[in-house]
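Q: Structure supplied as target05.cif; contents: mmCIF, C-alpha atoms.
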```cif
data_query
loop_
_atom_site.label_atom_id
_atom_site.label_comp_id
_atom_site.auth_asym_id
_atom_site.auth_seq_id
_atom_site.Cartn_x
_atom_site.Cartn_y
_atom_site.Cartn_z
CA MET A 1 63.51 51.99 -8.90
CA GLU A 2 61.72 55.16 -9.93
CA VAL A 3 57.94 55.03 -10.32
CA PRO A 4 56.77 57.05 -13.31
CA ILE A 5 54.08 59.64 -12.49
CA LEU A 6 51.94 60.45 -15.52
CA ARG A 7 49.62 63.34 -15.86
CA GLN A 8 46.25 62.61 -17.46
CA GLY A 9 43.91 65.60 -17.56
CA GLN A 10 43.23 66.62 -14.00
CA TYR A 11 44.68 63.44 -12.56
CA LEU A 12 48.06 62.03 -11.69
CA ILE A 13 48.63 58.36 -12.34
CA ALA A 14 51.42 56.51 -10.59
CA SER A 15 51.83 53.03 -11.97
CA ILE A 16 53.98 50.77 -9.84
CA GLN A 17 55.71 48.28 -12.12
CA SER A 18 57.70 46.12 -9.73
CA ALA A 19 58.29 45.45 -6.07
CA LEU A 20 59.51 48.59 -4.33
CA THR A 21 61.84 49.07 -1.40
CA ASP A 22 60.76 51.16 1.54
CA ALA A 23 62.95 53.99 0.28
CA ASP A 24 61.34 53.85 -3.16
CA LEU A 25 57.91 54.03 -1.55
CA SER A 26 58.84 57.04 0.54
CA HIS A 27 60.24 58.68 -2.54
CA LEU A 28 57.03 57.98 -4.47
CA ARG A 29 55.01 59.54 -1.66
CA GLU A 30 57.09 62.71 -1.63
CA ALA A 31 57.09 63.03 -5.40
CA LEU A 32 53.31 62.58 -5.60
CA ILE A 33 52.49 65.07 -2.87
CA ALA A 34 54.82 67.62 -4.37
CA GLN A 35 53.30 67.18 -7.84
CA VAL A 36 49.71 67.38 -6.58
CA GLY A 37 50.28 70.98 -5.62
CA ARG A 38 52.48 71.88 -8.58
CA SER A 39 50.11 70.60 -11.25
CA ARG A 40 46.91 71.61 -9.40
CA CYS A 41 45.38 68.22 -10.08
CA ARG A 42 42.13 66.93 -8.60
CA GLY A 43 42.84 63.27 -8.29
CA VAL A 44 45.58 60.70 -7.79
CA ILE A 45 45.49 57.12 -8.99
CA VAL A 46 48.01 54.62 -7.68
CA ASP A 47 48.04 51.46 -9.78
CA VAL A 48 49.34 48.41 -7.89
CA THR A 49 48.31 45.75 -10.42
CA ALA A 50 51.90 44.55 -10.78
CA LEU A 51 52.41 44.00 -7.06
CA ASP A 52 51.96 40.45 -5.79
CA VAL A 53 53.02 41.27 -2.25
CA MET A 54 52.01 44.18 -0.05
CA ASP A 55 53.59 44.62 3.34
CA SER A 56 52.57 46.90 6.16
CA PHE A 57 54.92 49.65 5.08
CA ALA A 58 53.51 49.70 1.56
CA VAL A 59 49.96 49.80 2.88
CA ARG A 60 50.80 52.57 5.32
CA THR A 61 52.50 54.58 2.60
CA LEU A 62 49.45 54.24 0.34
CA ARG A 63 47.20 55.36 3.18
CA ASP A 64 49.51 58.32 3.90
CA ILE A 65 49.50 59.32 0.23
CA ALA A 66 45.69 59.33 0.27
CA HIS A 67 45.45 61.42 3.42
CA MET A 68 48.21 63.85 2.42
CA ALA A 69 46.80 64.31 -1.08
CA ARG A 70 43.41 65.06 0.42
CA LEU A 71 44.99 67.82 2.48
CA ARG A 72 46.46 69.17 -0.75
CA GLY A 73 43.06 69.08 -2.46
CA ALA A 74 43.13 65.83 -4.43
CA GLU A 75 41.19 62.59 -4.07
CA THR A 76 43.21 59.39 -4.12
CA VAL A 77 42.12 55.99 -5.33
CA ILE A 78 44.12 52.76 -5.22
CA VAL A 79 43.48 50.50 -8.20
CA GLY A 80 44.35 46.97 -9.24
CA ILE A 81 44.84 45.14 -5.96
CA GLN A 82 45.07 41.43 -6.83
CA PRO A 83 42.56 39.04 -5.20
CA ASP A 84 45.28 37.07 -3.42
CA VAL A 85 46.95 40.25 -2.24
CA ALA A 86 43.64 41.62 -1.00
CA PHE A 87 42.97 38.54 1.10
CA ALA A 88 46.50 38.43 2.46
CA MET A 89 46.24 42.10 3.42
CA VAL A 90 42.97 41.56 5.24
CA GLN A 91 44.39 38.60 7.12
CA LEU A 92 47.26 40.78 8.29
CA GLY A 93 44.77 43.45 9.33
CA LEU A 94 45.97 45.89 6.65
CA THR A 95 42.59 47.02 5.38
CA LEU A 96 43.34 50.52 4.01
CA LYS A 97 40.42 51.95 5.98
CA GLY A 98 39.25 55.32 4.72
CA VAL A 99 41.04 54.92 1.40
CA ALA A 100 39.09 54.40 -1.81
CA THR A 101 39.98 51.23 -3.69
CA VAL A 102 38.55 50.07 -7.01
CA LEU A 103 39.13 47.25 -9.43
CA ASP A 104 41.29 48.77 -12.16
CA LEU A 105 42.47 51.96 -13.84
CA GLU A 106 39.26 52.40 -15.81
CA GLU A 107 37.14 52.18 -12.68
CA GLY A 108 39.55 54.53 -10.92
CA LEU A 109 39.11 57.18 -13.58
CA ALA A 110 35.32 56.78 -13.45
CA PHE A 111 35.43 57.05 -9.68
CA LEU A 112 37.47 60.27 -9.76
CA ASN A 113 35.26 61.75 -12.47
CA ARG A 114 32.24 61.12 -10.26
CA ARG A 115 33.95 62.57 -7.22
CA THR A 116 35.21 65.72 -8.88
CA GLU A 117 31.88 66.38 -10.58
CA GLU A 118 30.13 66.06 -7.27
CA ARG A 119 32.52 68.55 -5.76
CA THR A 120 32.50 70.94 -8.68
CA PHE A 121 28.81 71.27 -9.32
CA ASP A 122 27.06 70.45 -6.09
CA THR A 123 26.81 73.26 -3.59
CA LYS A 124 25.17 71.19 -0.89
CA PRO A 125 27.23 68.30 0.41
CA LYS A 126 26.29 64.97 -1.15
CA LYS A 127 25.89 61.88 0.94
CA PRO A 128 29.19 60.05 0.94
CA SER A 129 29.58 57.55 -1.85
CA ALA A 130 29.52 53.89 -0.91
CA ARG A 131 33.16 53.72 -1.93
CA GLY A 132 34.13 56.27 0.72
CA MET B 1 39.76 -24.14 14.87
CA GLU B 2 40.77 -24.54 18.49
CA THR B 3 42.33 -27.94 18.00
CA LYS B 4 43.98 -26.98 14.76
CA LYS B 5 45.72 -24.05 16.39
CA SER B 6 47.10 -26.04 19.26
CA MET B 7 48.26 -28.76 16.90
CA SER B 8 50.08 -26.38 14.65
CA VAL B 9 51.83 -24.90 17.64
CA SER B 10 53.02 -28.31 18.72
CA THR B 11 54.29 -29.13 15.24
CA ARG B 12 56.20 -25.91 14.95
CA ALA B 13 57.77 -26.51 18.32
CA SER B 14 58.82 -30.02 17.42
CA ASP B 15 60.67 -29.37 14.16
CA PRO B 16 60.73 -25.89 12.66
CA GLN B 17 63.64 -26.68 10.35
CA ALA B 18 61.98 -29.49 8.52
CA LEU B 19 58.85 -27.47 8.23
CA SER B 20 60.38 -24.56 6.35
CA GLU B 21 62.19 -26.91 3.99
CA SER B 22 59.10 -28.77 3.00
CA SER B 23 56.70 -25.83 3.07
CA ALA B 24 57.32 -24.97 -0.59
CA GLY B 25 56.46 -28.50 -1.59
CA LEU B 26 53.39 -28.48 0.61
CA LEU B 27 52.21 -25.24 -0.93
CA ARG B 28 52.57 -26.79 -4.38
CA GLU B 29 50.55 -29.75 -3.28
CA LEU B 30 47.96 -27.41 -1.82
CA VAL B 31 47.69 -25.39 -5.02
CA ALA B 32 47.37 -28.58 -7.07
CA HIS B 33 44.56 -29.68 -4.80
CA LEU B 34 42.75 -26.35 -5.18
CA ARG B 35 43.14 -26.43 -8.97
CA GLN B 36 41.84 -29.96 -9.13
CA ASN B 37 38.74 -29.22 -7.13
CA ARG B 38 38.19 -25.80 -8.64
CA THR B 39 34.65 -26.38 -9.92
CA GLN B 40 33.36 -28.06 -6.83
CA LEU B 41 34.93 -25.63 -4.32
CA ARG B 42 33.90 -22.61 -6.33
CA GLU B 43 30.30 -23.78 -6.41
CA GLU B 44 30.38 -24.54 -2.72
CA TRP B 45 31.68 -21.03 -2.07
CA ALA B 46 29.03 -19.36 -4.24
CA ARG B 47 26.38 -21.42 -2.48
CA ARG B 48 27.63 -20.32 0.94
CA ILE B 49 27.68 -16.70 -0.18
CA THR B 50 24.05 -16.90 -1.23
CA ARG B 51 23.08 -18.75 1.94
CA ALA B 52 24.78 -16.14 4.14
CA GLU B 53 22.85 -13.45 2.23
CA LEU B 54 25.98 -11.60 1.26
CA LEU B 55 26.25 -9.55 -1.95
CA THR B 56 22.47 -9.26 -2.09
CA ALA B 57 22.84 -6.42 -4.57
CA MET B 58 24.15 -8.88 -7.19
CA THR B 59 22.45 -11.68 -9.12
CA GLU B 60 23.49 -15.29 -8.64
CA GLU B 61 25.22 -15.40 -12.04
CA GLU B 62 27.21 -12.32 -11.21
CA ILE B 63 28.22 -13.75 -7.87
CA PHE B 64 29.34 -16.93 -9.58
CA ALA B 65 31.35 -15.04 -12.19
CA GLU B 66 33.06 -12.90 -9.58
CA ALA B 67 33.58 -15.95 -7.36
CA THR B 68 35.37 -17.69 -10.24
CA ALA B 69 37.66 -14.73 -10.80
CA VAL B 70 38.38 -14.27 -7.11
CA TYR B 71 39.04 -18.00 -6.73
CA ASP B 72 41.56 -18.08 -9.58
CA ASN B 73 43.30 -14.98 -8.31
CA TYR B 74 43.31 -16.44 -4.84
CA VAL B 75 44.96 -19.65 -5.95
CA GLU B 76 47.46 -17.75 -8.04
CA ALA B 77 48.42 -15.54 -5.09
CA LEU B 78 48.88 -18.68 -2.99
CA GLU B 79 51.06 -20.25 -5.63
CA THR B 80 53.29 -17.31 -6.52
CA GLY B 81 53.32 -15.61 -3.13
CA THR B 82 53.02 -12.23 -4.91
CA PHE B 83 50.04 -10.06 -4.28
CA GLU B 84 50.26 -7.38 -6.98
CA ALA B 85 47.91 -9.13 -9.37
CA LEU B 86 45.45 -9.74 -6.55
CA GLN B 87 45.71 -6.12 -5.43
CA ALA B 88 44.99 -4.89 -8.94
CA TYR B 89 42.12 -7.32 -9.24
CA SER B 90 40.57 -6.33 -5.92
CA ARG B 91 40.82 -2.69 -6.94
CA ARG B 92 39.00 -3.41 -10.20
CA LEU B 93 36.48 -5.54 -8.36
CA SER B 94 35.85 -2.74 -5.87
CA GLU B 95 35.38 -0.24 -8.68
CA ARG B 96 32.73 -2.54 -10.14
CA ILE B 97 30.83 -3.40 -6.99
CA ILE B 98 30.99 -0.22 -4.90
CA PRO B 99 28.51 1.63 -7.12
CA ARG B 100 26.18 -1.37 -6.66
CA GLY B 101 26.04 -0.67 -2.94
CA VAL B 102 28.21 -3.53 -1.69
CA GLU B 103 29.33 -2.95 1.90
CA THR B 104 32.71 -3.53 3.51
CA ASP B 105 31.44 -6.31 5.77
CA GLU B 106 30.13 -8.20 2.73
CA VAL B 107 33.51 -8.14 1.01
CA VAL B 108 35.32 -9.20 4.17
CA GLY B 109 32.60 -11.80 4.69
CA ILE B 110 33.01 -13.47 1.30
CA VAL B 111 36.78 -13.59 1.52
CA LEU B 112 36.57 -15.20 4.95
CA LEU B 113 33.97 -17.63 3.59
CA LEU B 114 36.36 -18.70 0.84
CA ARG B 115 39.08 -19.16 3.40
CA ASP B 116 36.71 -21.33 5.39
CA VAL B 117 35.57 -23.36 2.40
CA LEU B 118 39.14 -24.10 1.38
CA ALA B 119 40.20 -24.94 4.92
CA ARG B 120 37.30 -27.39 5.23
CA SER B 121 38.24 -29.09 1.99
CA LEU B 122 41.77 -29.49 3.36
CA PHE B 123 40.38 -31.01 6.54
CA THR B 124 38.39 -33.50 4.49
CA LYS B 125 41.30 -34.42 2.28
CA TYR B 126 43.86 -34.90 5.04
CA GLN B 127 41.62 -36.08 7.84
CA ASP B 128 43.51 -39.38 8.06
CA ASN B 129 46.89 -37.70 8.28
CA VAL B 130 46.74 -35.14 11.07
CA GLU B 131 50.48 -34.49 10.93
CA LYS B 132 50.34 -33.54 7.25
CA LEU B 133 47.15 -31.53 7.69
CA ASN B 134 48.97 -29.52 10.29
CA ARG B 135 51.85 -28.70 8.04
CA ILE B 136 49.59 -27.90 5.11
CA LEU B 137 47.64 -25.50 7.30
CA ASP B 138 50.88 -23.96 8.50
CA SER B 139 51.71 -22.88 5.00
CA TYR B 140 48.12 -22.16 4.03
CA GLU B 141 47.04 -19.98 6.95
CA PRO B 142 49.53 -17.07 6.68
CA ALA B 143 49.04 -16.79 2.93
CA ALA B 144 45.26 -16.96 3.27
CA ASN B 145 45.29 -14.28 5.95
CA ARG B 146 47.35 -12.05 3.77
CA ILE B 147 45.03 -12.56 0.84
CA ALA B 148 42.00 -11.71 2.96
CA ASN B 149 43.83 -8.64 4.19
CA THR B 150 44.82 -7.53 0.70
CA VAL B 151 41.30 -7.77 -0.69
CA ALA B 152 39.73 -5.99 2.28
CA VAL B 153 42.30 -3.22 2.26
CA GLY B 154 41.92 -2.81 -1.50
CA PHE B 155 38.19 -2.45 -1.08
CA VAL B 156 38.44 0.09 1.73
CA GLU B 157 41.07 2.10 -0.13
CA GLU B 158 38.89 2.25 -3.21
CA ARG B 159 35.97 3.40 -1.11
CA GLU B 160 38.04 6.11 0.51
CA ARG B 161 39.28 7.24 -2.87
CA ILE B 162 35.69 7.57 -4.07
CA ILE B 163 34.73 9.46 -0.92
CA ARG B 164 37.60 11.90 -1.39
CA GLN B 165 36.64 12.39 -5.01
CA GLN B 166 33.03 13.08 -4.07
CA GLN B 167 34.03 15.51 -1.33
CA GLU B 168 36.05 17.40 -3.89
CA ALA B 169 33.14 17.43 -6.31
CA ILE B 170 30.71 18.62 -3.64
CA ARG B 171 33.08 21.37 -2.66
CA GLU B 172 33.33 22.57 -6.24
CA LEU B 173 29.59 22.38 -6.71
CA SER B 174 28.70 24.04 -3.47
CA THR B 175 30.20 27.44 -4.16
CA PRO B 176 28.66 28.92 -7.27
CA VAL B 177 29.23 32.62 -7.83
CA LEU B 178 26.36 33.87 -9.97
CA GLN B 179 26.06 37.04 -11.96
CA VAL B 180 22.50 38.35 -11.68
CA ARG B 181 23.02 41.38 -13.83
CA GLU B 182 25.93 43.50 -14.89
CA ARG B 183 28.12 44.36 -11.90
CA LEU B 184 26.01 42.36 -9.43
CA LEU B 185 27.09 38.96 -8.13
CA ILE B 186 25.30 36.57 -5.83
CA LEU B 187 27.05 33.98 -3.69
CA PRO B 188 24.57 31.63 -2.04
CA ILE B 189 26.22 29.58 0.68
CA ILE B 190 24.55 26.32 1.68
CA GLY B 191 25.64 23.85 4.31
CA VAL B 192 28.45 23.71 6.79
CA ILE B 193 31.35 26.12 6.36
CA ASP B 194 34.65 24.70 7.55
CA PRO B 195 37.86 26.73 7.38
CA GLN B 196 38.94 25.05 4.14
CA ARG B 197 35.64 25.76 2.43
CA ALA B 198 35.56 29.32 3.76
CA ARG B 199 38.97 29.90 2.23
CA GLN B 200 37.85 28.45 -1.08
CA LEU B 201 34.70 30.57 -1.06
CA THR B 202 36.70 33.72 -0.58
CA GLU B 203 39.16 32.87 -3.33
CA GLN B 204 36.39 32.09 -5.78
CA LEU B 205 34.48 35.23 -4.88
CA LEU B 206 37.49 37.52 -5.25
CA ARG B 207 38.35 35.98 -8.61
CA ALA B 208 34.75 36.38 -9.76
CA ILE B 209 34.70 40.03 -8.69
CA ARG B 210 37.69 40.65 -10.89
CA ALA B 211 36.48 38.57 -13.81
CA ASN B 212 32.98 40.11 -13.86
CA ARG B 213 34.06 43.59 -12.79
CA ALA B 214 31.45 43.40 -10.05
CA LYS B 215 30.50 46.41 -8.00
CA VAL B 216 28.12 44.81 -5.54
CA VAL B 217 28.09 41.29 -4.14
CA VAL B 218 25.25 39.73 -2.18
CA ILE B 219 26.35 36.85 0.03
CA ASP B 220 23.33 34.83 1.06
CA VAL B 221 23.79 32.64 4.13
CA THR B 222 20.18 31.45 4.49
CA GLY B 223 21.38 27.88 3.99
CA VAL B 224 24.01 28.04 6.71
CA ALA B 225 22.78 26.44 9.91
CA ALA B 226 25.53 27.50 12.27
CA MET B 227 28.47 29.83 12.33
CA ASP B 228 31.31 30.08 14.81
CA SER B 229 33.59 33.00 15.49
CA GLY B 230 36.22 31.69 13.08
CA VAL B 231 33.82 31.58 10.16
CA ALA B 232 32.27 34.93 11.11
CA ASN B 233 35.66 36.57 11.18
CA HIS B 234 36.46 35.01 7.85
CA LEU B 235 33.26 36.53 6.48
CA VAL B 236 34.32 39.94 7.74
CA GLN B 237 37.71 39.48 6.09
CA THR B 238 36.02 38.52 2.84
CA VAL B 239 33.94 41.69 2.98
CA GLU B 240 37.04 43.80 3.51
CA ALA B 241 39.03 42.05 0.80
CA SER B 242 36.14 42.61 -1.60
CA ARG B 243 36.17 46.29 -0.72
CA LEU B 244 39.85 46.40 -1.66
CA LEU B 245 38.81 45.16 -5.09
CA GLY B 246 36.22 47.89 -5.26
CA ALA B 247 33.11 45.83 -4.54
CA THR B 248 30.55 46.41 -1.81
CA VAL B 249 29.33 43.28 -0.03
CA ILE B 250 25.85 42.82 1.39
CA VAL B 251 25.24 39.81 3.62
CA THR B 252 21.70 38.47 3.72
CA GLY B 253 19.77 35.72 5.44
CA LEU B 254 21.51 35.56 8.81
CA SER B 255 19.22 33.26 10.79
CA PRO B 256 17.98 34.23 14.27
CA GLU B 257 20.24 31.57 15.81
CA ILE B 258 23.31 32.85 14.01
CA ALA B 259 22.47 36.46 14.86
CA GLN B 260 22.21 35.50 18.51
CA THR B 261 25.43 33.52 18.54
CA LEU B 262 27.40 36.20 16.76
CA VAL B 263 26.28 38.92 19.13
CA THR B 264 26.77 36.69 22.16
CA ILE B 265 30.31 35.70 21.25
CA GLY B 266 31.04 39.30 20.39
CA VAL B 267 32.10 39.17 16.75
CA ASP B 268 32.33 42.71 15.43
CA LEU B 269 30.12 42.89 12.36
CA SER B 270 29.63 46.64 12.39
CA GLU B 271 31.63 46.94 9.17
CA MET B 272 29.31 44.57 7.38
CA ALA B 273 26.16 45.62 5.53
CA THR B 274 23.43 43.13 6.36
CA VAL B 275 19.91 42.83 4.98
CA GLY B 276 17.20 40.45 6.15
CA ASP B 277 16.63 38.30 3.10
CA LEU B 278 17.99 37.76 -0.39
CA GLN B 279 15.22 39.81 -2.01
CA GLY B 280 15.95 42.78 0.22
CA GLY B 281 19.65 42.30 -0.46
CA ILE B 282 19.20 42.43 -4.22
CA GLU B 283 16.97 45.51 -3.92
CA GLU B 284 19.59 47.21 -1.82
CA ALA B 285 22.25 46.21 -4.34
CA GLU B 286 20.23 47.68 -7.22
CA ARG B 287 19.93 50.91 -5.25
CA LEU B 288 23.68 51.00 -4.75
CA LEU B 289 24.29 50.35 -8.43
CA ALA B 290 21.79 53.05 -9.43
CA ASP B 291 23.39 55.46 -6.95
CA ARG B 292 26.73 54.85 -8.49
CA ALA B 293 25.52 55.50 -12.01
CA ALA B 294 23.28 58.41 -11.06
CA PRO B 295 25.63 61.27 -10.09
CA THR B 296 27.34 61.42 -13.48
CA THR B 297 24.13 61.62 -15.49
CA GLN B 298 22.18 63.75 -13.03
CA VAL B 299 24.94 66.23 -12.46
CA ARG B 300 25.55 66.56 -16.18
CA GLU B 301 21.93 67.50 -16.73
CA ILE B 302 21.92 70.02 -13.93
CA ALA B 303 25.39 71.32 -14.61
CA PRO B 304 24.70 73.76 -17.46
CA GLU B 305 22.02 75.54 -15.43
CA SER B 306 24.09 75.90 -12.29
CA GLN B 307 26.99 77.13 -14.32
CA ARG B 308 24.96 79.80 -16.03
#
```
Please lay out the structure from this file as structure tokens.

A:
Amino acid sequence: MEVPILRQGQYLIASIQSALTDADLSHLREALIAQVGRSRCRGVIVDVTALDVMDSFAVRTLRDIAHMARLRGAETVIVGIQPDVAFAMVQLGLTLKGVATVLDLEEGLAFLNRRTEERTFDTKPKKPSARG
Amino acid sequence: METKKSMSVSTRASDPQALSESSAGLLRELVAHLRQNRTQLREEWARRITRAELLTAMTEEEIFAEATAVYDNYVEALETGTFEALQAYSRRLSERIIPRGVETDEVVGIVLLLRDVLARSLFTKYQDNVEKLNRILDSYEPAANRIANTVAVGFVEERERIIRQQQEAIRELSTPVLQVRERLLILPIIGVIDPQRARQLTEQLLRAIRANRAKVVVIDVTGVAAMDSGVANHLVQTVEASRLLGATVIVTGLSPEIAQTLVTIGVDLSEMATVGDLQGGIEEAERLLADRAAPTTQVREIAPESQR
């Protein structure tokens, strides 16, 4: 099942609507990384609100997307992890270390706005945000 | 008691067949006797209860009223051999008297007293006919034992039900998630944390983070006396799960004892932000919240100049 990737200003938004197979996830990763460069965007939001299960492959793919996008010049934020999913992930040791996660799409946009403004206008490096 | 037992054994050995045939008739006779002497036996029983200083939480009138009801139910159970009505009654009785502070031994005590009172009246009535007394007791004893059992079990079950209910209520009460101001939640934990409660705490906290769109959570463990590695690890997991929902967690009020245990048993808390007390934790949280809001406004003010 194809995940739609929407462009919103400087950001790409991938909204996952249903459970994905490993192949779908890999495909999403490739499509996102390709688009980051093509559309010269500054941020990526992956919305996982609709997922009620997250396995190790999904978590690894999300982490890879974040790291790869960073190499291509875009910040990534994962939004909409459900409480139950969050706790299950932590119990399995899948903590998405080094990847920004926020509550929902709105927070994700605010987070990216903050990040890109910091990068655009500040010459000296800011102290890393608590979200880091 | 001693003689009675040995006699009943000898009777049973001599003619078990005849006994079972006539036992229904004997039971009828027994019930008739108990009905006939209802007033006198009931009063005797109430008197013995008072003398033994049982049911001290109740007045004499109440004891007499309950004694009457128990007596009638008792006789009915003897007569019909069915215990449902008695079970229901003992449940209702327990519901009434447990809040008054009546103890298990008192309930067992009064039922055994009634058994004793009735047995004595049988002894008096049949003292000239030992053979008959024996057979009467043979049919009376098992039923009486079962009645005593039913009432005691009913009482204990009711107590356990109340205890379970209260445990549930305490659990619900003991984990409030409070919103101090927009985006800031406080979770004060008081008392012992067992795995079940830890799990419930986490669930409630994660739900609250979502519902209140919280950015910072202060978990205050001042009221927690001890923590083992299981609970500490659970705390770490809670912190990480909260981060996945976009909230930063600050843990405050770790007591010296807990700090020592955690370091000694080697729980890795390096990922956890800890502050000495709740006040410090809230101050730190306000700083974090201000930090978060600041860049947008600050940068916007500076931006035009730096762009020029």

Q: I'd like the interatomic distance between atom CA of Arg115 of chain A and atom CA of Thr274 of chain B, to a tenth of an Å.

A: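 It comes out at 25.9 Å.
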
Q: So that I can check the surroundings of Glu257 of chain B, please list as a list in words every protein, DNA and RNA residue that reaches within 12 Å of it, counting all atoms listed in the file and ignoring chain neighbours fewer than 2 positions away.

A: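 Contacts, with the query itself left out: Thr222, Val224, Ala225, Ala226, Met227, Asp228, Gly253, Leu254, Ser255, Ala259, Gln260, Thr261, Leu262, Val263 and Thr264 of chain B.
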
Q: May I ask for the distance between atom CA of Val117 of chain B and atom CA of Ala46 of chain B, given in Å to one decimal place?

A: 10.1 Å

Q: Please write the residues picked by the PyMOL selection byres ((chain A and resi 30) around 12) on this file as a list in words.

A: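 Applied to this file, the PyMOL selection byres ((chain A and resi 30) around 12) selects Val3, Ile5, Ala23, Asp24, Leu25, Ser26, His27, Leu28, Arg29, Ala31, Leu32, Ile33, Ala34, Gln35, Val36, Gly37, Thr61, Leu62, Asp64, Ile65, Met68 and Ala69 of chain A.
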
Q: Just write the chosen residues, C-alpha atoms, as a PDB file, keeping the file's coordinate frame.

A:
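Wrote it out as out.pdb, contents follow:
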```pdb
ATOM      1  CA  VAL A   3      57.940  55.030 -10.320  1.00  0.00           C
ATOM      2  CA  ILE A   5      54.080  59.640 -12.490  1.00  0.00           C
ATOM      3  CA  ALA A  23      62.950  53.990   0.280  1.00  0.00           C
ATOM      4  CA  ASP A  24      61.340  53.850  -3.160  1.00  0.00           C
ATOM      5  CA  LEU A  25      57.910  54.030  -1.550  1.00  0.00           C
ATOM      6  CA  SER A  26      58.840  57.040   0.540  1.00  0.00           C
ATOM      7  CA  HIS A  27      60.240  58.680  -2.540  1.00  0.00           C
ATOM      8  CA  LEU A  28      57.030  57.980  -4.470  1.00  0.00           C
ATOM      9  CA  ARG A  29      55.010  59.540  -1.660  1.00  0.00           C
ATOM     10  CA  ALA A  31      57.090  63.030  -5.400  1.00  0.00           C
ATOM     11  CA  LEU A  32      53.310  62.580  -5.600  1.00  0.00           C
ATOM     12  CA  ILE A  33      52.490  65.070  -2.870  1.00  0.00           C
ATOM     13  CA  ALA A  34      54.820  67.620  -4.370  1.00  0.00           C
ATOM     14  CA  GLN A  35      53.300  67.180  -7.840  1.00  0.00           C
ATOM     15  CA  VAL A  36      49.710  67.380  -6.580  1.00  0.00           C
ATOM     16  CA  GLY A  37      50.280  70.980  -5.620  1.00  0.00           C
ATOM     17  CA  THR A  61      52.500  54.580   2.600  1.00  0.00           C
ATOM     18  CA  LEU A  62      49.450  54.240   0.340  1.00  0.00           C
ATOM     19  CA  ASP A  64      49.510  58.320   3.900  1.00  0.00           C
ATOM     20  CA  ILE A  65      49.500  59.320   0.230  1.00  0.00           C
ATOM     21  CA  MET A  68      48.210  63.850   2.420  1.00  0.00           C
ATOM     22  CA  ALA A  69      46.800  64.310  -1.080  1.00  0.00           C
TER      23      ALA A  69
END
```

Q: If you apply the PyMOL selection byres ((chain A) within 6 of (chain B)) to this file, what residues do you get, as JSON, numbers by chain?

A: {"A": [83, 86, 87, 90, 101, 102, 103, 114]}

Q: Exactly which residues make up the result of the PyMOL selection byres ((chain A and resi 8-14) around 6) on this file, given as number ranges by chain?

A: A: 5-7, 15, 41-46

Q: Record the distance separating atom CA of Gly108 of chain A and atom CA of Val180 of chain B, expressed in Å with one decimal.

A: 23.5 Å

Q: With distances taken over all atoms listed in the file, which of B:Val251, B:Gly223, B:Leu113, B:Pro142 is nearest to Ala52 of chain B?

A: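 Closest to Ala52 of chain B, using all atoms listed in the file: B:Leu113.
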
Q: Using all atoms of segment 115-130 of chain B that appear in the file, construct an axis-aligned enclosing box with 8 Å of padding on every side and provide its centre coordinates and edge lengths in Å, rounded to one decimal, as AutoDock Vina command-line options.

A:
```
--center_x 41.2 --center_y -29.3 --center_z 6.2 --size_x 27.3 --size_y 36.2 --size_z 25.7
```

Q: Report as a list in words all protein, DNA and RNA residues lying within 12 Å of Ala65 of chain B, evaluated on all atoms listed in the file, omitting residues in the same chain fewer than 6 positions from it.

A: Arg42, Glu43, Trp45, Ala46, Met58, Thr59, Tyr71, Asp72 and Leu93 of chain B

Q: Find the spatial neighbours of segment 151-168 of chain B, counting only C-alpha atoms, within a cut-off of 10 Å - ignore same-chain residues fewer than 5 positions away - and output them as number ranges by chain.

A: B: 70, 74, 83, 86-95, 97-99, 103-109, 111, 146, 173-174

Q: Create the file for the chosen residues now, containing C-alpha atoms and written as a tab-separated table (two decimals), keeping the file's coordinate frame.

A:
```tsv
chain	number	residue	atom	x	y	z
B	70	VAL	CA	38.38	-14.27	-7.11
B	74	TYR	CA	43.31	-16.44	-4.84
B	83	PHE	CA	50.04	-10.06	-4.28
B	86	LEU	CA	45.45	-9.74	-6.55
B	87	GLN	CA	45.71	-6.12	-5.43
B	88	ALA	CA	44.99	-4.89	-8.94
B	89	TYR	CA	42.12	-7.32	-9.24
B	90	SER	CA	40.57	-6.33	-5.92
B	91	ARG	CA	40.82	-2.69	-6.94
B	92	ARG	CA	39.00	-3.41	-10.20
B	93	LEU	CA	36.48	-5.54	-8.36
B	94	SER	CA	35.85	-2.74	-5.87
B	95	GLU	CA	35.38	-0.24	-8.68
B	97	ILE	CA	30.83	-3.40	-6.99
B	98	ILE	CA	30.99	-0.22	-4.90
B	99	PRO	CA	28.51	1.63	-7.12
B	103	GLU	CA	29.33	-2.95	1.90
B	104	THR	CA	32.71	-3.53	3.51
B	105	ASP	CA	31.44	-6.31	5.77
B	106	GLU	CA	30.13	-8.20	2.73
B	107	VAL	CA	33.51	-8.14	1.01
B	108	VAL	CA	35.32	-9.20	4.17
B	109	GLY	CA	32.60	-11.80	4.69
B	111	VAL	CA	36.78	-13.59	1.52
B	146	ARG	CA	47.35	-12.05	3.77
B	173	LEU	CA	29.59	22.38	-6.71
B	174	SER	CA	28.70	24.04	-3.47
```
